[in-house]
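Participant: File final-v7.cif below, mmCIF, C-alpha atoms:
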data_query
#
loop_
_atom_site.label_atom_id
_atom_site.label_comp_id
_atom_site.auth_asym_id
_atom_site.auth_seq_id
_atom_site.Cartn_x
_atom_site.Cartn_y
_atom_site.Cartn_z
CA MET A 21 59.85 5.52 -2.85
CA VAL A 22 56.77 3.47 -3.68
CA GLU A 23 56.58 2.15 -7.23
CA LEU A 24 53.20 1.61 -8.78
CA SER A 25 52.08 -0.16 -11.94
CA ILE A 26 48.68 0.56 -13.46
CA ILE A 27 47.62 -2.35 -15.64
CA TYR A 28 45.28 -1.50 -18.49
CA ASP A 29 44.04 -3.02 -21.71
CA LYS A 30 42.40 0.17 -22.93
CA VAL A 31 43.26 3.54 -21.46
CA ARG A 32 40.09 5.30 -20.37
CA PHE A 33 39.62 8.57 -18.50
CA GLU A 34 40.17 6.69 -15.23
CA GLU A 35 43.54 5.14 -16.08
CA LYS A 36 44.79 8.42 -17.47
CA VAL A 37 43.91 10.46 -14.39
CA LEU A 38 45.21 7.75 -12.03
CA TYR A 39 48.56 7.81 -13.82
CA GLU A 40 48.71 11.62 -13.83
CA LYS A 41 47.72 11.76 -10.16
CA ALA A 42 50.38 9.23 -9.19
CA GLN A 43 53.00 11.30 -11.04
CA SER A 44 51.89 14.50 -9.37
CA LYS A 45 52.08 12.84 -5.94
CA GLY A 46 55.66 11.79 -6.64
CA VAL A 47 54.81 8.10 -6.86
CA LYS A 48 57.04 6.39 -9.40
CA SER A 49 54.50 4.88 -11.74
CA GLN A 50 54.07 3.24 -15.09
CA ILE A 51 51.18 1.99 -17.14
CA VAL A 52 51.42 -1.59 -18.37
CA ASP A 53 49.43 -3.06 -21.25
CA ALA A 54 47.86 -6.31 -19.95
CA LYS A 55 47.79 -7.59 -23.53
CA THR A 56 51.58 -7.68 -23.65
CA VAL A 57 52.16 -9.55 -20.36
CA THR A 58 52.99 -13.26 -20.40
CA VAL A 59 53.54 -15.40 -17.32
CA SER A 60 54.60 -19.03 -16.82
CA THR A 61 54.76 -21.44 -13.92
CA ASP A 62 58.52 -20.85 -13.93
CA SER A 63 58.14 -17.07 -13.70
CA LYS A 64 59.57 -15.25 -10.72
CA LYS A 65 58.51 -11.91 -9.28
CA LYS A 66 61.90 -10.41 -10.18
CA ASP A 67 61.20 -11.10 -13.88
CA PHE A 68 58.59 -8.33 -13.81
CA ALA A 69 59.40 -4.68 -13.12
CA PHE A 70 55.97 -3.97 -11.68
CA GLY A 71 57.15 -2.27 -8.50
CA ASP A 72 55.59 -2.56 -5.06
CA VAL A 73 51.91 -2.37 -5.86
CA VAL A 74 49.79 -3.04 -8.92
CA MET A 75 46.44 -1.47 -9.78
CA GLN A 76 44.52 -3.85 -12.00
CA ARG A 77 42.43 -1.67 -14.32
CA SER A 78 41.71 -3.95 -17.29
CA VAL A 79 38.33 -3.26 -18.85
CA SER A 80 37.99 -6.95 -19.74
CA HIS A 81 36.83 -8.73 -16.58
CA TYR A 82 38.38 -12.10 -17.36
CA ARG A 83 41.66 -10.64 -18.56
CA GLY A 84 41.99 -8.62 -15.37
CA LEU A 85 40.87 -11.51 -13.19
CA TYR A 86 43.28 -14.13 -14.50
CA LEU A 87 46.21 -11.77 -14.82
CA THR A 88 45.61 -10.82 -11.18
CA ALA A 89 45.69 -14.53 -10.27
CA CYS A 90 49.10 -14.84 -11.95
CA LEU A 91 50.46 -11.69 -10.32
CA GLU A 92 49.31 -12.73 -6.86
CA HIS A 93 50.90 -16.13 -7.47
CA LEU A 94 54.18 -14.29 -8.15
CA GLY A 95 53.78 -12.38 -4.90
CA PHE A 96 52.57 -9.00 -6.15
CA ASN A 97 50.27 -6.83 -4.09
CA VAL A 98 47.36 -6.27 -6.47
CA ILE A 99 44.41 -3.88 -6.08
CA ASN A 100 41.91 -5.41 -6.11
CA LYS A 101 42.69 -8.88 -4.89
CA PHE A 102 41.75 -11.85 -7.08
CA LYS A 103 39.08 -12.93 -4.60
CA VAL A 104 37.42 -9.49 -4.70
CA ALA A 105 37.51 -9.40 -8.51
CA GLU A 106 36.07 -12.89 -8.68
CA THR A 107 33.20 -12.06 -6.33
CA CYS A 108 32.35 -8.68 -7.84
CA GLY A 109 32.64 -9.91 -11.43
CA ASN A 110 29.79 -12.34 -10.91
CA LYS A 111 26.38 -11.06 -9.86
CA LEU A 112 25.27 -14.43 -8.51
CA ILE A 113 28.29 -14.77 -6.22
CA THR A 114 27.96 -11.11 -5.18
CA SER A 115 24.31 -11.63 -4.21
CA LEU A 116 25.21 -14.70 -2.16
CA VAL A 117 28.07 -12.89 -0.40
CA LEU A 118 25.89 -9.83 0.36
CA ALA A 119 23.12 -12.05 1.76
CA GLU A 120 25.59 -14.06 3.84
CA ASN A 121 26.89 -10.83 5.37
CA ASN A 122 23.42 -9.43 6.09
CA VAL A 123 23.80 -6.58 3.61
CA PRO A 124 20.29 -5.61 2.46
CA THR A 125 20.04 -6.64 -1.19
CA PRO A 126 17.19 -7.22 -3.66
CA ARG A 127 15.47 -10.63 -3.43
CA THR A 128 17.04 -12.64 -6.21
CA ARG A 129 16.23 -16.10 -7.52
CA PHE A 130 18.61 -18.35 -9.39
CA ALA A 131 17.74 -21.08 -11.88
CA PHE A 132 19.85 -23.42 -13.95
CA SER A 133 17.63 -24.29 -16.90
CA ALA A 134 14.94 -22.66 -19.02
CA GLU A 135 12.25 -24.69 -17.20
CA GLY A 136 13.65 -23.65 -13.84
CA ALA A 137 13.80 -20.02 -14.93
CA LEU A 138 10.19 -19.97 -16.11
CA GLU A 139 9.05 -21.69 -12.93
CA THR A 140 10.85 -19.28 -10.61
CA ILE A 141 9.66 -16.27 -12.67
CA HIS A 142 6.07 -17.54 -12.38
CA GLU A 143 6.43 -18.07 -8.62
CA ALA A 144 7.97 -14.63 -8.05
CA GLY A 145 5.39 -12.67 -10.05
CA PHE A 146 6.02 -9.48 -12.02
CA PRO A 147 7.72 -7.06 -12.44
CA LEU A 148 11.18 -8.62 -12.38
CA VAL A 149 14.62 -7.95 -13.82
CA LEU A 150 16.61 -10.64 -15.60
CA LYS A 151 20.36 -10.01 -15.54
CA PRO A 152 23.33 -11.88 -16.97
CA ILE A 153 25.54 -13.10 -14.10
CA VAL A 154 28.66 -11.75 -15.82
CA GLY A 155 28.53 -8.54 -17.77
CA SER A 156 28.35 -4.85 -17.25
CA TRP A 157 27.28 -1.46 -18.49
CA GLY A 158 23.72 -2.77 -18.20
CA ARG A 159 24.09 -5.11 -21.19
CA GLY A 160 21.60 -7.95 -21.34
CA VAL A 161 19.57 -6.56 -18.43
CA PHE A 162 15.87 -7.00 -19.21
CA PRO A 163 12.82 -5.81 -17.32
CA LEU A 164 10.25 -8.64 -17.26
CA ARG A 165 6.68 -7.42 -16.97
CA ASP A 166 4.63 -10.37 -18.20
CA GLU A 167 4.84 -14.13 -18.83
CA GLU A 168 4.90 -13.75 -22.60
CA THR A 169 7.96 -11.48 -22.69
CA ALA A 170 9.67 -13.58 -20.02
CA GLY A 171 9.14 -16.72 -22.12
CA MET A 172 10.61 -15.06 -25.20
CA ILE A 173 13.64 -13.72 -23.37
CA VAL A 174 14.35 -17.11 -21.77
CA GLU A 175 14.07 -18.65 -25.24
CA MET A 176 16.57 -16.10 -26.55
CA ARG A 177 18.93 -16.93 -23.71
CA GLU A 178 18.76 -20.61 -24.65
CA GLU A 179 19.94 -19.72 -28.16
CA ASP A 180 23.01 -17.98 -26.74
CA ASP A 181 26.31 -19.82 -27.19
CA SER A 182 27.66 -18.89 -23.76
CA PRO A 183 27.14 -21.53 -21.05
CA LEU A 184 26.70 -18.64 -18.59
CA ALA A 185 23.55 -17.64 -20.48
CA ARG A 186 21.90 -20.77 -19.09
CA ILE A 187 22.38 -19.58 -15.53
CA TYR A 188 19.38 -17.42 -14.70
CA TYR A 189 19.50 -14.51 -12.28
CA VAL A 190 16.06 -13.06 -11.68
CA GLN A 191 15.69 -10.12 -9.37
CA GLU A 192 12.70 -8.32 -7.91
CA MET A 193 12.19 -4.91 -9.51
CA ILE A 194 12.67 -2.40 -6.76
CA ASP A 195 10.11 0.36 -6.37
CA ARG A 196 12.55 3.26 -6.42
CA PRO A 197 12.99 6.78 -7.77
CA PRO A 198 14.40 6.82 -11.35
CA ARG A 199 17.94 6.77 -10.04
CA ASP A 200 20.41 4.68 -8.08
CA ILE A 201 23.42 5.63 -5.98
CA ARG A 202 27.02 4.83 -6.84
CA CYS A 203 29.34 4.99 -3.82
CA ILE A 204 33.05 4.91 -4.42
CA VAL A 205 34.72 3.13 -1.53
CA VAL A 206 38.48 3.33 -1.12
CA GLY A 207 39.70 1.17 1.76
CA ASN A 208 37.60 2.12 4.76
CA ARG A 209 36.36 5.42 3.36
CA VAL A 210 33.41 6.39 1.18
CA VAL A 211 35.16 8.88 -1.06
CA THR A 212 32.12 10.06 -2.97
CA ALA A 213 28.53 9.15 -3.72
CA ILE A 214 26.51 10.13 -6.77
CA TYR A 215 22.94 9.69 -7.90
CA ARG A 216 22.75 8.18 -11.36
CA TYR A 217 19.55 9.08 -13.18
CA SER A 218 18.26 6.89 -16.00
CA ALA A 219 18.28 8.39 -19.46
CA GLU A 220 14.89 9.00 -21.08
CA ASN A 221 12.97 5.81 -21.99
CA GLU A 222 15.56 3.73 -20.12
CA PHE A 223 15.17 2.01 -16.74
CA ARG A 224 18.87 1.24 -16.38
CA THR A 225 20.87 3.96 -14.63
CA ASN A 226 24.35 3.15 -15.98
CA VAL A 227 26.31 6.25 -17.00
CA ALA A 228 27.48 4.08 -19.93
CA ARG A 229 23.77 4.03 -20.97
CA GLY A 230 23.48 7.79 -20.95
CA GLY A 231 22.55 8.05 -17.25
CA LYS A 232 23.23 11.44 -15.67
CA ALA A 233 25.26 11.95 -12.51
CA GLU A 234 24.49 14.25 -9.59
CA LEU A 235 26.22 14.50 -6.22
CA ALA A 236 24.54 12.53 -3.41
CA PRO A 237 24.97 13.30 0.29
CA ILE A 238 27.03 10.75 2.21
CA THR A 239 24.63 10.09 5.06
CA LYS A 240 25.55 7.87 8.02
CA GLU A 241 23.19 5.16 6.70
CA LEU A 242 24.77 5.27 3.25
CA GLU A 243 28.31 5.28 4.62
CA ASP A 244 27.71 2.35 6.98
CA LEU A 245 26.04 0.30 4.28
CA ALA A 246 28.65 1.05 1.60
CA LEU A 247 31.47 0.08 3.95
CA LYS A 248 29.66 -3.07 5.04
CA ALA A 249 29.11 -4.12 1.42
CA ALA A 250 32.73 -3.35 0.49
CA LYS A 251 33.97 -5.37 3.46
CA ALA A 252 31.68 -8.26 2.54
CA VAL A 253 33.31 -8.66 -0.89
CA GLY A 254 36.82 -8.37 0.54
CA GLY A 255 37.51 -4.61 0.46
CA GLY A 256 39.88 -2.56 -1.66
CA ILE A 257 38.70 0.00 -4.20
CA VAL A 258 35.11 -0.76 -5.17
CA GLY A 259 31.95 0.89 -6.44
CA VAL A 260 28.94 0.01 -4.31
CA ASP A 261 25.65 0.51 -6.14
CA MET A 262 22.52 1.07 -4.09
CA MET A 263 18.86 1.68 -4.71
CA GLU A 264 16.42 3.57 -2.54
CA ASP A 265 13.67 1.05 -1.94
CA LYS A 266 10.52 2.98 -1.00
CA LYS A 267 9.75 0.39 1.71
CA ARG A 268 13.11 -0.91 2.92
CA GLY A 269 15.41 2.10 2.50
CA LEU A 270 18.85 1.64 0.98
CA ILE A 271 19.68 -1.73 -0.54
CA VAL A 272 22.83 -2.82 -2.33
CA HIS A 273 22.37 -4.44 -5.72
CA GLU A 274 25.92 -4.54 -7.03
CA VAL A 275 29.56 -4.08 -6.05
CA ASN A 276 31.92 -3.18 -8.88
CA ASN A 277 35.53 -4.24 -8.98
CA THR A 278 37.32 -2.07 -11.57
CA VAL A 279 35.28 0.94 -10.65
CA GLU A 280 34.68 3.61 -13.27
CA PHE A 281 34.43 7.12 -11.87
CA HIS A 282 34.24 9.40 -14.86
CA GLY A 283 30.61 10.28 -14.07
CA ALA A 284 31.38 10.76 -10.37
CA ALA A 285 34.47 12.88 -11.06
CA SER A 286 32.42 15.20 -13.26
CA VAL A 287 30.23 16.24 -10.30
CA SER A 288 32.33 15.53 -7.20
CA LYS A 289 34.75 17.97 -5.63
CA THR A 290 36.59 15.11 -3.93
CA ASP A 291 39.90 14.07 -5.40
CA ILE A 292 38.83 10.52 -6.31
CA PRO A 293 42.01 9.39 -8.12
CA GLY A 294 44.11 11.01 -5.38
CA ALA A 295 42.35 8.92 -2.73
CA MET A 296 42.98 5.78 -4.80
CA ILE A 297 46.69 6.51 -5.20
CA ASP A 298 47.05 7.29 -1.47
CA TYR A 299 45.36 3.96 -0.69
CA ALA A 300 47.75 2.08 -3.01
CA VAL A 301 50.75 3.70 -1.34
CA LYS A 302 49.36 2.90 2.11
CA ARG A 303 48.88 -0.75 1.10
CA VAL A 304 52.62 -0.99 0.46
CA LYS A 305 53.58 0.63 3.74
CA LYS A 306 51.30 -1.62 5.83
CA MET B 23 50.02 19.97 -31.61
CA LYS B 24 47.65 17.32 -32.87
CA SER B 25 49.17 14.50 -34.91
CA LYS B 26 47.51 13.15 -38.00
CA VAL B 27 47.59 9.47 -38.79
CA GLU B 28 46.14 7.77 -41.82
CA CYS B 29 43.26 5.36 -41.19
CA GLN B 30 44.30 1.83 -42.20
CA GLU B 31 40.76 1.10 -43.38
CA CYS B 32 39.68 4.13 -45.39
CA GLY B 33 42.72 6.38 -45.66
CA ALA B 34 41.11 9.35 -43.92
CA ASP B 35 43.12 11.47 -41.49
CA ILE B 36 42.68 10.59 -37.81
CA SER B 37 43.79 13.37 -35.53
CA VAL B 38 45.41 12.33 -32.28
CA PRO B 39 45.25 14.95 -29.51
CA GLU B 40 48.55 16.11 -28.08
CA ASP B 41 47.75 14.85 -24.59
CA ALA B 42 46.64 11.39 -25.77
CA VAL B 43 48.63 8.54 -24.22
CA VAL B 44 49.61 5.06 -25.37
CA GLY B 45 46.69 2.68 -24.87
CA GLU B 46 44.00 5.27 -25.58
CA ILE B 47 41.46 4.62 -28.31
CA VAL B 48 40.97 7.00 -31.23
CA THR B 49 38.23 6.73 -33.82
CA CYS B 50 38.38 7.50 -37.53
CA PRO B 51 35.96 10.37 -38.22
CA ASP B 52 35.09 8.95 -41.65
CA CYS B 53 34.64 5.19 -41.28
CA GLY B 54 34.28 4.91 -37.49
CA GLY B 55 37.14 2.41 -37.17
CA ASP B 56 38.63 2.27 -33.67
CA TYR B 57 42.40 2.28 -33.13
CA GLU B 58 44.57 1.95 -30.07
CA ILE B 59 47.59 4.23 -29.81
CA ALA B 60 50.45 1.72 -29.99
CA SER B 61 53.32 4.16 -29.59
CA LYS B 62 53.83 7.88 -29.39
CA GLY B 63 57.05 9.84 -29.60
CA GLY B 64 56.73 13.56 -30.20
CA SER B 65 54.52 14.02 -33.23
CA LYS B 66 55.09 10.44 -34.45
CA VAL B 67 52.14 8.25 -33.54
CA GLU B 68 51.54 4.62 -34.42
CA LEU B 69 48.10 3.08 -34.28
CA LYS B 70 46.91 -0.52 -34.19
CA PRO B 71 43.35 -1.80 -34.64
CA ALA B 72 41.56 -1.68 -31.28
CA GLU B 73 39.98 -4.75 -29.75
CA THR B 74 36.24 -4.98 -30.22
CA VAL B 75 34.13 -4.59 -27.09
CA GLY B 76 33.94 -7.94 -25.34
CA GLU B 77 30.99 -9.36 -23.44
CA ASP B 78 33.00 -9.10 -20.24
CA TRP B 79 33.99 -5.47 -20.70
CA GLY B 80 33.12 -2.90 -18.11
CA GLN B 81 32.72 -2.70 -14.40
#
What does this structure look like when you write it as structure tokens?
Facilitator:
Amino acid sequence: MVELSIIYDKVRFEEKVLYEKAQSKGVKSQIVDAKTVTVSTDSKKKDFAFGDVVMQRSVSHYRGLYLTACLEHLGFNVINKFKVAETCGNKLITSLVLAENNVPTPRTRFAFSAEGALETIHEAGFPLVLKPIVGSWGRGVFPLRDEETAGMIVEMREEDDSPLARIYYVQEMIDRPPRDIRCIVVGNRVVTAIYRYSAENEFRTNVARGGKAELAPITKELEDLALKAAKAVGGGIVGVDMMEDKKRGLIVHEVNNTVEFHGAASVSKTDIPGAMIDYAVKRVKK
Amino acid sequence: MKSKVECQECGADISVPEDAVVGEIVTCPDCGGDYEIASKGGSKVELKPAETVGEDWGQ
């Protein structure tokens, strides 16, 4: 019998339903608090009763990332792999990987100083979107519509204590309907796709920002692109976010590692957690 | 049956739903303090202050 550990640092809807689903499928499972795990260079796999496969579901990106590194070092089969988490957790690296793999993605410029940022913003022209390279739920994402606002936001970034704040990620603003598409990819299957509509007076579509979910059809174009993007970052269980560019069609702007699916589960008839558990079990049997 | 636990900040009653599991976050209705369920056995529930949302939280 396959034994599964679900690692969490805060139990959300997702971790709860994954655990319940694993139980109902007869998979011996446990939830493990990442905050209580310690590892050393002397540690051995047998010191940890984590079973055959581990689902890394920490809400803190760095906690999940580095714990995954330790677990892979010990020989555990972790979903997702460290490499996938590392790529998806950083928007700059994700953009590079998508571009390298010919996945259509918004034109994005990178700068490494305030001067560089202002120069590249000026060259690109408005409107633009400035995003932090690490961060989620739409935090720190600013629409830039004129030089004055851009200058002020860059100045604010310079005041920030985080060294990552000095890495500038400036993206073209895509001419799109007021929604994006979240595709949940599990292995080589697009399990579900939803439109996420921005809340009123909000250009960001994150469900965490009050965005509303609606089922989206899984067209051949969407399926091919979602799978290509997932493969580009290294596969596993990921959330591929797309926009419908009025000129270019579907383009991928983000791939999420510890995918949240509360919004998707509220509108989808597909058994999303069930597909994830089946994938974890299959990973062991491979 | 819901369990009631006293808020460590303001003393108000925080009700913990029956189906809540260890690791879930509950919020004090009076002061808004967040707590993580540290342990749960029958109607006995222990809470600990929850971590504050970090810059790297989320997907």
Participant: As a PyMOL selection string, could you give me every residue of chain B near chain A (at most 8 Å apart, counting all atoms listed in the file)?
Facilitator: chain B and resi 43-47+58+76-81
Participant: What is the distance, in Å and to one decimal place, between CA of Glu220 (chain A) and CA of Ile141 (chain A)?
Facilitator: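 These atoms are spaced 27.1 Å apart.
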Participant: Please evaluate the PyMOL selection byres ((chain A and resi 187-204) around 7) against the structure above and give the resulting residues as a ChimeraX atom specification.
Facilitator: /A:112,126-133,137,147-153,184-186,205-206,210-218,225,246,258-266
Participant: Which is closer to Lys55 (chain A) than all the others in B:Ala42, B:Ala72, B:Ala34, B:Ser25, using all atoms listed in the file?
Facilitator: B:Ala72
Participant: Could you list, as a ChimeraX atom specification, every residue within 12 Å of Ser44 (chain A), counting only C-alpha atoms and ignoring same-chain residues fewer than 5 positions away?
Facilitator: /A:37-39,49,293-294,297-298
Participant: Just give me the gap between CA of Gly33 (chain B) and CA of Val75 (chain B) in Å, one decimal is fine.
Facilitator: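 According to the coordinates, CA of Gly33 (chain B) and CA of Val75 (chain B) are separated by 23.2 Å.
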Participant: Measuring atom to atom with all atoms listed in the file, identify which of A:Thr61, A:Thr140, A:Lys111, A:Gln76 is nearest to Val161 (chain A).
Facilitator: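 Answer, going by the shortest atom-to-atom distance: A:Lys111.
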Participant: Can you pull out the residues contacting Glu40 (chain B)? Cut-off 9 Å, using only C-alpha atoms, and skip same-chain residues under 4 positions away; I want them as a VMD selection string.
Facilitator: chain B and resid 23 to 25 64 to 65
Participant: What separation in Å, quoted to one decimal, exists between CA of Glu139 (chain A) and CA of Glu167 (chain A)?
Facilitator: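 Between these atoms lies a distance of 10.5 Å.
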Participant: Check which residues satisfy the PyMOL selection byres ((chain A and resi 252) around 10) in the file shown, then give them as a PyMOL selection string.
Facilitator: chain A and resi 104+107+114+117-123+246-251+253-255+275
Participant: Could you work out an axis-aligned box for region 227-231 of chain A, taking every atom the file lists and adding 4 Å on each side, and report centre and edge lengths in Å to one decimal, as lines of an AutoDock Vina configuration file?
Facilitator:
center_x = 25.0
center_y = 6.0
center_z = -19.0
size_x = 12.9
size_y = 12.0
size_z = 12.0
Participant: Which residues fall under the PyMOL selection byres ((chain A and resi 301) around 9) in this file, as a list of chain:residue names?
Facilitator: A:Val22, A:Glu23, A:Leu24, A:Val47, A:Asp72, A:Val73, A:Met296, A:Ile297, A:Asp298, A:Tyr299, A:Ala300, A:Lys302, A:Arg303, A:Val304, A:Lys305, A:Lys306
Participant: Once you count all atoms listed in the file, which residues end up no further than 7 Å from (47.3, 3.2, -36.3) in the file's frame, shown as a PyMOL selection string?
Facilitator: chain B and resi 27+29-30+57-59+68-71
Participant: I want to know what sits within 10 Å of Ala170 (chain A), based on all atoms listed in the file, with residues of the same chain fewer than 2 positions away left out; could you give that as a VMD selection string?
Facilitator: chain A and resid 137 to 138 141 to 142 146 148 to 150 162 to 168 172 to 176
Participant: Can you take region 202-289 of chain A from the block and write C-alpha atoms as a short mmCIF file (atom, residue, chain, number, x, y, z; two decimals), in the first residue's frame?
Facilitator:
data_model
loop_
_atom_site.label_atom_id
_atom_site.label_comp_id
_atom_site.auth_asym_id
_atom_site.auth_seq_id
_atom_site.Cartn_x
_atom_site.Cartn_y
_atom_site.Cartn_z
CA ARG A 202 -6.15 29.11 -14.46
CA CYS A 203 -5.42 25.60 -15.75
CA ILE A 204 -4.73 22.89 -13.22
CA VAL A 205 -2.27 20.43 -14.71
CA VAL A 206 -1.68 17.11 -13.02
CA GLY A 207 1.06 15.11 -14.73
CA ASN A 208 0.17 15.03 -18.41
CA ARG A 209 -3.48 15.99 -17.97
CA VAL A 210 -5.29 19.31 -17.76
CA VAL A 211 -7.70 18.47 -14.97
CA THR A 212 -9.69 21.67 -15.04
CA ALA A 213 -9.61 25.21 -16.34
CA ILE A 214 -11.38 28.23 -14.90
CA TYR A 215 -11.79 31.85 -15.87
CA ARG A 216 -10.86 34.18 -13.05
CA TYR A 217 -12.61 37.53 -13.28
CA SER A 218 -11.13 40.58 -11.57
CA ALA A 219 -13.08 42.02 -8.67
CA GLU A 220 -14.56 45.50 -9.17
CA ASN A 221 -11.95 48.31 -9.39
CA GLU A 222 -9.17 45.70 -9.52
CA PHE A 223 -7.09 44.66 -12.53
CA ARG A 224 -5.59 41.63 -10.81
CA THR A 225 -7.59 38.44 -11.24
CA ASN A 226 -6.34 36.48 -8.21
CA VAL A 227 -9.13 34.68 -6.34
CA ALA A 228 -7.22 35.77 -3.21
CA ARG A 229 -8.02 39.36 -4.35
CA GLY A 230 -11.73 38.69 -4.60
CA GLY A 231 -11.63 37.45 -8.21
CA LYS A 232 -14.56 35.26 -9.23
CA ALA A 233 -14.21 31.83 -10.78
CA GLU A 234 -16.17 30.38 -13.70
CA LEU A 235 -15.60 27.14 -15.60
CA ALA A 236 -13.60 27.51 -18.83
CA PRO A 237 -13.74 25.04 -21.71
CA ILE A 238 -10.59 22.95 -22.17
CA THR A 239 -9.99 23.58 -25.85
CA LYS A 240 -7.24 21.81 -27.79
CA GLU A 241 -5.25 25.08 -27.92
CA LEU A 242 -5.54 25.56 -24.17
CA GLU A 243 -4.69 21.95 -23.39
CA ASP A 244 -1.61 21.90 -25.64
CA LEU A 245 -0.33 25.17 -24.25
CA ALA A 246 -0.95 24.26 -20.59
CA LEU A 247 0.87 20.95 -21.02
CA LYS A 248 3.74 22.61 -22.86
CA ALA A 249 4.13 25.20 -20.10
CA ALA A 250 3.94 22.55 -17.37
CA LYS A 251 6.56 20.46 -19.15
CA ALA A 252 8.80 23.50 -19.56
CA VAL A 253 9.01 24.06 -15.80
CA GLY A 254 9.59 20.37 -15.10
CA GLY A 255 6.07 18.95 -14.73
CA GLY A 256 4.22 17.64 -11.70
CA ILE A 257 1.14 19.33 -10.25
CA VAL A 258 1.06 22.95 -11.37
CA GLY A 259 -1.33 25.81 -12.05
CA VAL A 260 -0.74 27.37 -15.46
CA ASP A 261 -2.11 30.90 -15.71
CA MET A 262 -2.96 32.25 -19.15
CA MET A 263 -4.33 35.42 -20.62
CA GLU A 264 -6.32 35.83 -23.80
CA ASP A 265 -4.31 38.37 -25.75
CA LYS A 266 -6.65 39.99 -28.28
CA LYS A 267 -3.89 39.82 -30.94
CA ARG A 268 -1.82 36.74 -30.10
CA GLY A 269 -4.36 34.37 -28.56
CA LEU A 270 -3.48 32.45 -25.41
CA ILE A 271 -0.26 33.38 -23.62
CA VAL A 272 1.13 32.00 -20.38
CA HIS A 273 2.13 34.54 -17.76
CA GLU A 274 2.71 32.34 -14.73
CA VAL A 275 3.10 28.74 -13.59
CA ASN A 276 2.27 28.07 -9.94
CA ASN A 277 3.97 25.43 -7.88
CA THR A 278 1.83 24.81 -4.78
CA VAL A 279 -1.35 25.27 -6.71
CA GLU A 280 -4.43 26.51 -4.88
CA PHE A 281 -7.69 25.14 -6.26
CA HIS A 282 -10.37 26.32 -3.89
CA GLY A 283 -11.80 28.67 -6.54
CA ALA A 284 -11.59 25.99 -9.24
CA ALA A 285 -13.15 23.31 -7.03
CA SER A 286 -16.12 25.59 -6.34
CA VAL A 287 -17.11 25.58 -10.03
CA SER A 288 -15.58 22.41 -11.48
CA LYS A 289 -17.27 19.03 -11.53
#
